[in-house]
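Asker: Pasting upload.txt here (compact mmCIF, C-alpha atoms):
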```txt
# COMPACT_ATOMS: atom_id res chain seq x y z
CA MET I 1 -28.31 -100.63 9.90
CA GLN I 2 -25.28 -101.46 12.04
CA ARG I 3 -22.04 -102.18 10.17
CA TYR I 4 -19.21 -104.55 11.13
CA PHE I 5 -15.82 -105.23 9.56
CA VAL I 6 -15.16 -108.98 9.36
CA THR I 7 -11.76 -110.55 8.60
CA ALA I 8 -11.40 -112.60 5.41
CA THR I 9 -11.40 -115.86 7.40
CA GLY I 10 -14.95 -115.12 8.55
CA TRP I 11 -16.37 -115.34 5.02
CA SER I 12 -17.43 -118.60 3.36
CA ASP I 13 -19.87 -118.97 0.46
CA MET I 14 -23.09 -117.30 1.63
CA HIS I 15 -22.25 -117.06 5.33
CA VAL I 16 -20.29 -114.60 7.46
CA THR I 17 -19.06 -115.54 10.93
CA ILE I 18 -18.46 -112.77 13.47
CA THR I 19 -16.14 -113.18 16.45
CA ASP I 20 -14.22 -111.18 19.06
CA ASP I 21 -15.46 -107.84 20.44
CA ASP I 22 -18.24 -107.50 17.87
CA ILE I 23 -20.12 -110.33 19.57
CA HIS I 24 -20.46 -108.25 22.72
CA HIS I 25 -21.56 -105.23 20.71
CA ILE I 26 -24.22 -107.19 18.81
CA THR I 27 -25.62 -109.06 21.82
CA ARG I 28 -25.14 -106.65 24.73
CA VAL I 29 -25.06 -103.18 23.20
CA MET I 30 -27.39 -103.53 20.22
CA ARG I 31 -29.35 -106.40 21.82
CA MET I 32 -29.94 -108.04 18.47
CA GLU I 33 -31.70 -111.34 17.97
CA ILE I 34 -31.83 -114.10 15.37
CA GLY I 35 -33.33 -112.70 12.18
CA ASP I 36 -32.03 -109.17 12.70
CA LYS I 37 -30.01 -107.71 9.83
CA ILE I 38 -26.58 -106.08 9.84
CA ILE I 39 -24.07 -104.99 7.21
CA CYS I 40 -20.81 -106.95 7.01
CA ASN I 41 -17.73 -105.52 5.31
CA HIS I 42 -15.10 -107.71 3.66
CA PRO I 43 -11.45 -106.49 3.78
CA ASP I 44 -11.49 -106.05 -0.01
CA GLY I 45 -14.18 -103.37 0.27
CA LYS I 46 -17.28 -105.41 -0.55
CA ALA I 47 -20.29 -105.06 1.75
CA ALA I 48 -23.34 -107.25 2.24
CA VAL I 49 -26.59 -107.09 4.17
CA CYS I 50 -26.64 -110.19 6.38
CA ALA I 51 -29.29 -111.82 8.57
CA ILE I 52 -28.29 -113.36 11.91
CA LYS I 53 -28.81 -117.14 11.82
CA SER I 54 -27.27 -118.31 15.10
CA MET I 55 -25.74 -116.74 18.21
CA ALA I 56 -23.23 -118.26 20.64
CA ASP I 57 -20.74 -116.95 23.17
CA ASP I 58 -17.81 -117.39 20.78
CA LYS I 59 -19.37 -116.63 17.38
CA ILE I 60 -22.36 -115.26 15.52
CA VAL I 61 -23.21 -116.79 12.15
CA THR I 62 -25.03 -114.72 9.55
CA GLU I 63 -26.34 -115.40 6.06
CA ILE I 64 -25.76 -113.03 3.16
CA VAL I 65 -29.07 -111.57 2.00
CA GLU I 66 -27.93 -108.95 -0.48
CA TRP I 67 -24.67 -107.44 -1.73
CA GLN I 68 -24.42 -103.65 -1.59
CA ARG I 69 -23.08 -101.67 -4.50
CA GLN I 70 -22.65 -98.16 -3.14
CA THR I 71 -19.39 -96.25 -3.53
CA VAL I 72 -18.43 -94.27 -0.43
CA GLU I 73 -14.62 -94.22 -0.57
CA LEU I 74 -12.77 -91.10 -1.71
CA PRO I 75 -11.94 -91.30 -5.45
CA VAL I 76 -8.29 -90.63 -4.57
CA ARG I 77 -6.42 -92.61 -1.92
CA VAL I 78 -4.97 -90.24 0.67
CA THR I 79 -2.31 -91.21 3.20
CA ILE I 80 -1.63 -88.74 6.03
CA ALA I 81 1.84 -88.61 7.59
CA GLN I 82 1.06 -86.75 10.80
CA GLY I 83 3.73 -85.23 13.01
CA LEU I 84 3.03 -86.60 16.49
CA PRO I 85 1.05 -83.99 18.46
CA LYS I 86 0.47 -83.60 22.19
CA GLY I 87 -2.22 -85.32 24.24
CA ASP I 88 -5.02 -87.13 22.45
CA LYS I 89 -4.90 -84.98 19.31
CA PHE I 90 -3.60 -87.86 17.21
CA GLU I 91 -6.62 -89.95 18.20
CA LEU I 92 -8.89 -87.09 17.07
CA ILE I 93 -7.06 -86.98 13.73
CA LEU I 94 -7.51 -90.74 13.30
CA GLN I 95 -11.21 -90.59 14.11
CA LYS I 96 -12.16 -87.56 12.04
CA GLY I 97 -9.69 -88.37 9.27
CA THR I 98 -11.28 -91.79 8.90
CA GLU I 99 -14.74 -90.23 8.72
CA LEU I 100 -13.48 -87.88 6.00
CA GLY I 101 -12.08 -90.71 3.88
CA ALA I 102 -8.35 -91.07 4.59
CA ALA I 103 -6.90 -94.36 3.29
CA GLY I 104 -3.99 -94.50 5.72
CA PHE I 105 -2.12 -92.80 8.55
CA ILE I 106 1.55 -92.67 9.49
CA PRO I 107 2.51 -91.23 12.89
CA LEU I 108 5.66 -89.20 12.26
CA GLN I 109 8.30 -88.51 14.89
CA ALA I 110 9.24 -85.02 13.70
CA GLU I 111 12.00 -82.78 15.08
CA ARG I 112 9.50 -80.53 16.84
CA SER I 113 7.24 -83.31 18.13
CA ILE I 114 6.95 -82.68 21.85
CA VAL I 115 5.72 -86.24 22.31
CA LYS I 116 8.45 -88.87 22.21
CA TRP I 117 7.20 -92.29 21.19
CA ASP I 118 7.57 -94.94 23.89
CA GLU I 119 8.23 -98.30 22.22
CA LYS I 120 7.27 -100.13 25.44
CA LYS I 121 3.72 -98.82 25.05
CA ALA I 122 3.59 -99.19 21.26
CA SER I 123 1.56 -102.40 21.19
CA LYS I 124 -1.19 -101.07 23.47
CA LYS I 125 -1.30 -97.73 21.65
CA ASN I 126 -1.58 -99.47 18.28
CA GLU I 127 -4.52 -101.53 19.55
CA ARG I 128 -6.17 -98.31 20.69
CA PHE I 129 -5.54 -96.66 17.31
CA GLN I 130 -6.94 -99.67 15.43
CA LYS I 131 -10.07 -99.60 17.59
CA ILE I 132 -10.63 -95.90 16.92
CA ILE I 133 -10.26 -96.42 13.16
CA LYS I 134 -12.60 -99.44 13.14
CA GLU I 135 -15.33 -97.67 15.11
CA ALA I 136 -15.04 -94.51 12.99
CA SER I 137 -15.20 -96.60 9.80
CA GLU I 138 -18.34 -98.35 10.99
CA GLN I 139 -19.97 -95.11 12.08
CA SER I 140 -19.25 -93.38 8.76
CA HIS I 141 -20.22 -96.43 6.67
CA ARG I 142 -16.78 -96.84 5.14
CA THR I 143 -16.22 -99.99 3.09
CA LEU I 144 -12.46 -100.09 3.64
CA LEU I 145 -10.54 -99.81 6.90
CA PRO I 146 -7.77 -97.21 6.76
CA LYS I 147 -4.32 -98.62 7.43
CA ILE I 148 -2.14 -97.27 10.21
CA GLU I 149 1.62 -97.72 10.07
CA LYS I 150 4.17 -97.84 12.87
CA VAL I 151 5.75 -94.61 14.04
CA ALA I 152 8.17 -93.45 11.36
CA SER I 153 11.10 -91.10 10.97
CA LEU I 154 11.13 -88.45 8.26
CA GLN I 155 13.44 -90.63 6.16
CA ASP I 156 11.01 -93.55 6.54
CA VAL I 157 8.18 -91.30 5.38
CA ILE I 158 10.12 -90.12 2.35
CA GLU I 159 10.85 -93.71 1.35
CA MET I 160 7.19 -94.76 1.84
CA SER I 161 6.00 -91.89 -0.36
CA ALA I 162 8.12 -92.84 -3.37
CA SER I 163 5.38 -94.71 -5.25
CA PHE I 164 2.66 -92.05 -4.76
CA ASP I 165 1.35 -89.91 -7.60
CA HIS I 166 1.26 -86.69 -5.55
CA ARG I 167 3.46 -85.78 -2.57
CA LEU I 168 2.38 -82.70 -0.62
CA VAL I 169 3.53 -81.02 2.58
CA ALA I 170 1.54 -78.41 4.48
CA TYR I 171 4.00 -75.65 5.36
CA GLU I 172 2.89 -72.52 7.16
CA GLU I 173 5.39 -70.27 5.35
CA THR I 174 3.56 -71.12 2.13
CA THR I 175 0.70 -68.86 3.24
CA ARG I 176 2.90 -66.00 2.11
CA ASP I 177 4.06 -67.70 -1.09
CA ILE I 178 2.98 -67.65 -4.72
CA PRO I 179 -0.63 -68.46 -5.75
CA THR I 180 0.25 -71.83 -7.34
CA ASN I 181 0.90 -73.17 -3.83
CA LYS I 182 -2.81 -73.08 -3.03
CA LEU I 183 -4.29 -76.51 -2.42
CA SER I 184 -6.83 -75.87 -5.19
CA TYR I 185 -3.99 -75.68 -7.73
CA PHE I 186 -2.84 -79.21 -6.87
CA LEU I 187 -6.38 -80.60 -6.68
CA LYS I 188 -6.82 -79.72 -10.34
CA GLN I 189 -3.77 -81.84 -11.20
CA MET I 190 -5.28 -84.97 -9.61
CA VAL I 191 -7.54 -87.56 -11.20
CA PRO I 192 -9.58 -90.36 -9.59
CA SER I 193 -7.70 -93.52 -8.53
CA GLU I 194 -4.44 -91.65 -7.95
CA GLN I 195 -2.60 -91.82 -4.62
CA VAL I 196 -1.89 -88.72 -2.56
CA PHE I 197 0.68 -88.50 0.23
CA LEU I 198 0.24 -85.55 2.61
CA CYS I 199 2.69 -84.56 5.36
CA ILE I 200 1.46 -82.49 8.31
CA GLY I 201 3.85 -81.14 10.93
CA PRO I 202 3.39 -81.27 14.71
CA GLU I 203 2.84 -78.23 16.93
CA GLY I 204 5.45 -75.74 15.78
CA GLY I 205 5.45 -77.16 12.27
CA PHE I 206 8.31 -78.70 10.34
CA SER I 207 11.86 -77.46 10.79
CA GLU I 208 13.67 -75.83 7.89
CA ASN I 209 15.88 -78.91 7.51
CA GLU I 210 12.82 -81.17 7.30
CA ILE I 211 11.22 -78.98 4.64
CA ILE I 212 14.44 -79.02 2.61
CA ALA I 213 14.57 -82.82 2.83
CA LEU I 214 10.94 -83.12 1.74
CA LYS I 215 11.36 -80.72 -1.15
CA ASN I 216 14.46 -82.63 -2.27
CA ALA I 217 12.21 -85.71 -2.35
CA ASP I 218 9.82 -83.93 -4.73
CA PHE I 219 7.24 -82.91 -2.15
CA GLN I 220 5.24 -79.83 -3.11
CA SER I 221 4.55 -77.33 -0.33
CA ILE I 222 0.92 -76.23 -0.09
CA ARG I 223 -1.12 -73.65 1.76
CA LEU I 224 -4.33 -74.61 3.53
CA GLY I 225 -6.04 -71.24 3.39
CA PRO I 226 -4.62 -67.88 4.50
CA ARG I 227 -4.77 -68.69 8.22
CA ILE I 228 -2.34 -70.77 10.28
CA LEU I 229 -4.10 -73.98 11.34
CA ARG I 230 -3.50 -76.14 14.38
CA THR I 231 -1.90 -79.48 13.58
CA GLU I 232 -5.09 -81.39 14.36
CA THR I 233 -7.05 -79.15 11.95
CA ALA I 234 -4.71 -79.23 8.95
CA ALA I 235 -5.24 -82.84 7.82
CA LEU I 236 -9.00 -82.52 8.27
CA TYR I 237 -9.08 -79.32 6.20
CA ALA I 238 -7.20 -81.06 3.38
CA LEU I 239 -9.41 -84.16 3.45
CA ALA I 240 -12.59 -82.07 3.47
CA SER I 241 -11.26 -80.08 0.50
CA LEU I 242 -10.50 -83.29 -1.41
CA SER I 243 -13.97 -84.63 -0.64
CA TYR I 244 -15.63 -81.44 -1.85
CA HIS I 245 -13.52 -81.31 -5.01
CA PHE I 246 -14.03 -84.94 -6.05
CA GLU I 247 -17.41 -85.81 -4.57
CA GLU I 248 -19.53 -82.66 -4.33
CA LEU I 249 -18.25 -80.15 -6.89
CA GLU I 250 -20.13 -80.38 -10.15
```
Please express the file's structure as C-alpha cells.
Answerer:
Amino acid sequence: MQRYFVTATGWSDMHVTITDDDIHHITRVMRMEIGDKIICNHPDGKAAVCAIKSMADDKIVTEIVEWQRQTVELPVRVTIAQGLPKGDKFELILQKGTELGAAGFIPLQAERSIVKWDEKKASKKNERFQKIIKEASEQSHRTLLPKIEKVASLQDVIEMSASFDHRLVAYEETTRDIPTNKLSYFLKQMVPSEQVFLCIGPEGGFSENEIIALKNADFQSIRLGPRILRTETAALYALASLSYHFEELE
C-alpha cells in the first residue's frame, strides 16, 4: 500500500487532506481512484490506512479507516554528521541512511571536504535533499521523516551534539587501536530511546586537529571493522550494525 507523509495541517478529525506533489503521484503515477486506500503518516509518527473520498486538482481528501500500530523506527535515535563528500555521494547517504533508520543528518564542512558549499545554491539543494528523504521514507515504510540540518562547521556540530547520550566519531586510525574501540563495545553501552550522534569524515577522513577537538568534546573514536571504508559506506555500516544489534539480535 502506497505511503504518504502529510503535514499536520492536513489532518482533521477523521479526514486527511493531501496537497502539493503527492497529488500528481496519486493521480498520474499510481492512477488511483475514489475508494482506493493509501497509508498517511502524521508528523508525530502515527500512521493510518485511509480511503480516498474525493479528488481535485488542488487536493485529495481521504477518510481514516484504521490506525496502524506497527513500530518500524530504530529503538535509538541516530543523527549522522557527514563530512561533505564529492559528487552525489551525500544524496546516496541520505537515501540509504533513511532506509536504514537514521533520525537526522547534518552536512559537515570538514577541513578535508573537497566540496565547498555554495550558499547561493543552498535552497535548491535543500529541496532536493528533502525530496530524497521523503521518497526514501515512503519506500521503506518509515513513520517519521528524518530531519536534515543546514551545512555546519565542526564547532556547530560539537555544540549540536551536547545533549546526546552517545557521541561517536569514526576514525580510520582506530582500526589499529585497542579492542574497546570496536563499535560492538559501544553498542553494548546503549539502551533503547537513547540518542546517538555519529560523525563521519569526508574523503581523506578527519584531520588530526578535528579529531582532537572532537575528543575534547567527549566524542569516542570507533572502528567500523578492520578495513578502511569509503565515506559513503561508513555511516551505512554503522546504521546497519545498530539495526542488527537492536532489532534482529536475540
Asker: Do you know which residues are at most 7 Å from segment 208-219 of chain I counting only C-alpha atoms, after dropping those on the same chain fewer than 4 positions away, and could you put them as a list of chain:residue names?
Answerer: I:Ile158, I:Arg167, I:Leu168, I:Val169
Asker: Quick one: distance from atom CA of Asp13 of chain I to atom CA of Thr62 of chain I in Å, one decimal?
Answerer: 11.3 Å
Asker: Between I:Glu247, I:Asp44, I:Glu138, I:Glu172, which one has atoms that come closest to Tyr4 of chain I, using all atoms listed in the file?
Answerer: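 For Tyr4 of chain I, the nearest of the candidates is I:Glu138.
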Asker: Have a look at atom CA of Ser207 of chain I and atom CA of Pro226 of chain I and let me know their distance in Å, one decimal.
Answerer: 20.1 Å
Asker: One decimal, in Å: what's the spacing between atom CA of Ala48 of chain I and atom CA of Gly97 of chain I?
Answerer: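 Interatomic distance here is 24.3 Å.
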Asker: Let me have the centre and edge lengths of the axis-aligned box enclosing all listed atoms of segment 129-143 of chain I with 3 Å padding on every side, in Å to one decimal, as AutoDock Vina command-line options.
Answerer:
```
--center_x -12.9 --center_y -96.7 --center_z 10.3 --size_x 20.7 --size_y 12.6 --size_z 20.5
```
Asker: When distances are computed from all atoms listed in the file, which of I:Met1, I:Ala238, I:Ile133, I:Cys50 shows the smallest separation from Val196 of chain I?
Answerer: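 Once distances to Val196 of chain I are computed over all atoms listed in the file, the minimum belongs to I:Ala238.
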Asker: Go through I:Lys121, I:Lys116, I:Lys134, I:Arg77 one by one, measure the shortest atom-to-atom distance of each to Ser153 of chain I using all atoms listed in the file, and give the residue with the smallest value.
Answerer: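 Smallest separation from Ser153 of chain I among the options: I:Lys116.
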Asker: Would you mind telling me which residue in I:Gly204, I:Thr27, I:Met14, I:Thr71 lies nearest to Val49 of chain I when using all atoms listed in the file?
Answerer: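 With all atoms listed in the file as the atom set, the closest residue is I:Met14.
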Asker: Closest to Ser140 of chain I among I:Arg3, I:Ile114, I:Ile52, I:Ser161, using all atoms listed in the file?
Answerer: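 Checking each of I:Arg3, I:Ile114, I:Ile52, I:Ser161 against Ser140 of chain I, counting all atoms listed in the file, the winner is I:Arg3.
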Asker: Could you give me, as a PyMOL selection string, the residues within 12 Å of Ser12 of chain I, counting only C-alpha atoms and dropping anything in the same chain fewer than 3 positions from it?
Answerer: chain I and resi 6-9+15-18+42+61-64
Asker: Name the closest residue to His245 of chain I among the candidates I:Ser184, I:Gln95, I:Gln195, I:Gln130; distances are taken between atoms, counting all atoms listed in the file.
Answerer: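 Using all atoms listed in the file, His245 of chain I sits closest to I:Ser184.
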Asker: Using only C-alpha atoms, determine which residues lie at most 12 Å from Lys188 of chain I, disregarding the query and same-chain residues fewer than 3 positions distant; provide the list as a PDB file with C-alpha atoms, in the coordinates of the input.
Answerer:
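Saved the output as selection-v5.pdb:
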```pdb
ATOM      1  CA  HIS I 166       1.260 -86.690  -5.550  1.00  0.00           C
ATOM      2  CA  THR I 180       0.250 -71.830  -7.340  1.00  0.00           C
ATOM      3  CA  LYS I 182      -2.810 -73.080  -3.030  1.00  0.00           C
ATOM      4  CA  LEU I 183      -4.290 -76.510  -2.420  1.00  0.00           C
ATOM      5  CA  SER I 184      -6.830 -75.870  -5.190  1.00  0.00           C
ATOM      6  CA  TYR I 185      -3.990 -75.680  -7.730  1.00  0.00           C
ATOM      7  CA  VAL I 191      -7.540 -87.560 -11.200  1.00  0.00           C
ATOM      8  CA  PRO I 192      -9.580 -90.360  -9.590  1.00  0.00           C
ATOM      9  CA  SER I 241     -11.260 -80.080   0.500  1.00  0.00           C
ATOM     10  CA  LEU I 242     -10.500 -83.290  -1.410  1.00  0.00           C
ATOM     11  CA  HIS I 245     -13.520 -81.310  -5.010  1.00  0.00           C
ATOM     12  CA  PHE I 246     -14.030 -84.940  -6.050  1.00  0.00           C
ATOM     13  CA  LEU I 249     -18.250 -80.150  -6.890  1.00  0.00           C
TER      14      LEU I 249
END
```
Asker: Write segment 103-122 of chain I as a PDB file, in the frame of the given file, completed to N, CA, C and O atoms.
Answerer:
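Result file out24.pdb:
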```pdb
ATOM      1  N   ALA I 103      -7.186 -92.944   3.557  1.00  0.00           N
ATOM      2  CA  ALA I 103      -6.900 -94.360   3.290  1.00  0.00           C
ATOM      3  C   ALA I 103      -5.849 -94.910   4.236  1.00  0.00           C
ATOM      4  O   ALA I 103      -5.751 -96.126   4.421  1.00  0.00           O
ATOM      5  N   GLY I 104      -5.033 -94.030   4.825  1.00  0.00           N
ATOM      6  CA  GLY I 104      -3.990 -94.500   5.720  1.00  0.00           C
ATOM      7  C   GLY I 104      -3.395 -93.375   6.545  1.00  0.00           C
ATOM      8  O   GLY I 104      -3.525 -92.189   6.200  1.00  0.00           O
ATOM      9  N   PHE I 105      -2.757 -93.768   7.646  1.00  0.00           N
ATOM     10  CA  PHE I 105      -2.120 -92.800   8.550  1.00  0.00           C
ATOM     11  C   PHE I 105      -0.722 -93.303   8.936  1.00  0.00           C
ATOM     12  O   PHE I 105      -0.519 -94.492   9.144  1.00  0.00           O
ATOM     13  N   ILE I 106       0.200 -92.353   9.018  1.00  0.00           N
ATOM     14  CA  ILE I 106       1.550 -92.670   9.490  1.00  0.00           C
ATOM     15  C   ILE I 106       1.909 -91.678  10.587  1.00  0.00           C
ATOM     16  O   ILE I 106       2.030 -90.471  10.328  1.00  0.00           O
ATOM     17  N   PRO I 107       2.043 -92.135  11.841  1.00  0.00           N
ATOM     18  CA  PRO I 107       2.510 -91.230  12.890  1.00  0.00           C
ATOM     19  C   PRO I 107       3.990 -90.908  12.667  1.00  0.00           C
ATOM     20  O   PRO I 107       4.809 -91.822  12.531  1.00  0.00           O
ATOM     21  N   LEU I 108       4.307 -89.644  12.597  1.00  0.00           N
ATOM     22  CA  LEU I 108       5.660 -89.200  12.260  1.00  0.00           C
ATOM     23  C   LEU I 108       6.349 -88.563  13.465  1.00  0.00           C
ATOM     24  O   LEU I 108       5.829 -87.607  14.044  1.00  0.00           O
ATOM     25  N   GLN I 109       7.504 -89.093  13.818  1.00  0.00           N
ATOM     26  CA  GLN I 109       8.300 -88.510  14.890  1.00  0.00           C
ATOM     27  C   GLN I 109       9.134 -87.386  14.288  1.00  0.00           C
ATOM     28  O   GLN I 109      10.230 -87.590  13.767  1.00  0.00           O
ATOM     29  N   ALA I 110       8.584 -86.179  14.310  1.00  0.00           N
ATOM     30  CA  ALA I 110       9.240 -85.020  13.700  1.00  0.00           C
ATOM     31  C   ALA I 110      10.181 -84.351  14.710  1.00  0.00           C
ATOM     32  O   ALA I 110      10.130 -84.613  15.907  1.00  0.00           O
ATOM     33  N   GLU I 111      11.032 -83.467  14.207  1.00  0.00           N
ATOM     34  CA  GLU I 111      12.000 -82.780  15.080  1.00  0.00           C
ATOM     35  C   GLU I 111      11.307 -81.988  16.175  1.00  0.00           C
ATOM     36  O   GLU I 111      11.783 -81.943  17.304  1.00  0.00           O
ATOM     37  N   ARG I 112      10.191 -81.386  15.862  1.00  0.00           N
ATOM     38  CA  ARG I 112       9.500 -80.530  16.840  1.00  0.00           C
ATOM     39  C   ARG I 112       8.349 -81.246  17.546  1.00  0.00           C
ATOM     40  O   ARG I 112       7.554 -80.593  18.222  1.00  0.00           O
ATOM     41  N   SER I 113       8.259 -82.552  17.391  1.00  0.00           N
ATOM     42  CA  SER I 113       7.240 -83.310  18.130  1.00  0.00           C
ATOM     43  C   SER I 113       7.601 -83.289  19.610  1.00  0.00           C
ATOM     44  O   SER I 113       8.673 -83.761  20.012  1.00  0.00           O
ATOM     45  N   ILE I 114       6.712 -82.725  20.407  1.00  0.00           N
ATOM     46  CA  ILE I 114       6.950 -82.680  21.850  1.00  0.00           C
ATOM     47  C   ILE I 114       6.840 -84.082  22.425  1.00  0.00           C
ATOM     48  O   ILE I 114       7.576 -84.470  23.334  1.00  0.00           O
ATOM     49  N   VAL I 115       5.912 -84.857  21.868  1.00  0.00           N
ATOM     50  CA  VAL I 115       5.720 -86.240  22.310  1.00  0.00           C
ATOM     51  C   VAL I 115       6.841 -87.103  21.763  1.00  0.00           C
ATOM     52  O   VAL I 115       7.167 -87.047  20.584  1.00  0.00           O
ATOM     53  N   LYS I 116       7.449 -87.902  22.614  1.00  0.00           N
ATOM     54  CA  LYS I 116       8.450 -88.870  22.210  1.00  0.00           C
ATOM     55  C   LYS I 116       7.851 -90.261  22.336  1.00  0.00           C
ATOM     56  O   LYS I 116       7.372 -90.642  23.395  1.00  0.00           O
ATOM     57  N   TRP I 117       7.868 -90.999  21.236  1.00  0.00           N
ATOM     58  CA  TRP I 117       7.200 -92.290  21.190  1.00  0.00           C
ATOM     59  C   TRP I 117       7.875 -93.297  22.114  1.00  0.00           C
ATOM     60  O   TRP I 117       9.082 -93.483  22.073  1.00  0.00           O
ATOM     61  N   ASP I 118       7.081 -93.939  22.963  1.00  0.00           N
ATOM     62  CA  ASP I 118       7.570 -94.940  23.890  1.00  0.00           C
ATOM     63  C   ASP I 118       7.317 -96.324  23.301  1.00  0.00           C
ATOM     64  O   ASP I 118       6.172 -96.776  23.228  1.00  0.00           O
ATOM     65  N   GLU I 119       8.378 -96.996  22.856  1.00  0.00           N
ATOM     66  CA  GLU I 119       8.230 -98.300  22.220  1.00  0.00           C
ATOM     67  C   GLU I 119       7.617 -99.333  23.158  1.00  0.00           C
ATOM     68  O   GLU I 119       6.970-100.287  22.711  1.00  0.00           O
ATOM     69  N   LYS I 120       7.817 -99.167  24.467  1.00  0.00           N
ATOM     70  CA  LYS I 120       7.270-100.130  25.440  1.00  0.00           C
ATOM     71  C   LYS I 120       5.738-100.103  25.433  1.00  0.00           C
ATOM     72  O   LYS I 120       5.098-101.086  25.789  1.00  0.00           O
ATOM     73  N   LYS I 121       5.175 -98.952  25.054  1.00  0.00           N
ATOM     74  CA  LYS I 121       3.720 -98.820  25.050  1.00  0.00           C
ATOM     75  C   LYS I 121       3.143 -98.915  23.634  1.00  0.00           C
ATOM     76  O   LYS I 121       1.947 -98.719  23.431  1.00  0.00           O
ATOM     77  N   ALA I 122       3.998 -99.223  22.659  1.00  0.00           N
ATOM     78  CA  ALA I 122       3.590 -99.190  21.260  1.00  0.00           C
ATOM     79  C   ALA I 122       2.468-100.161  20.952  1.00  0.00           C
ATOM     80  O   ALA I 122       1.512 -99.828  20.245  1.00  0.00           O
TER      81      ALA I 122
END
```
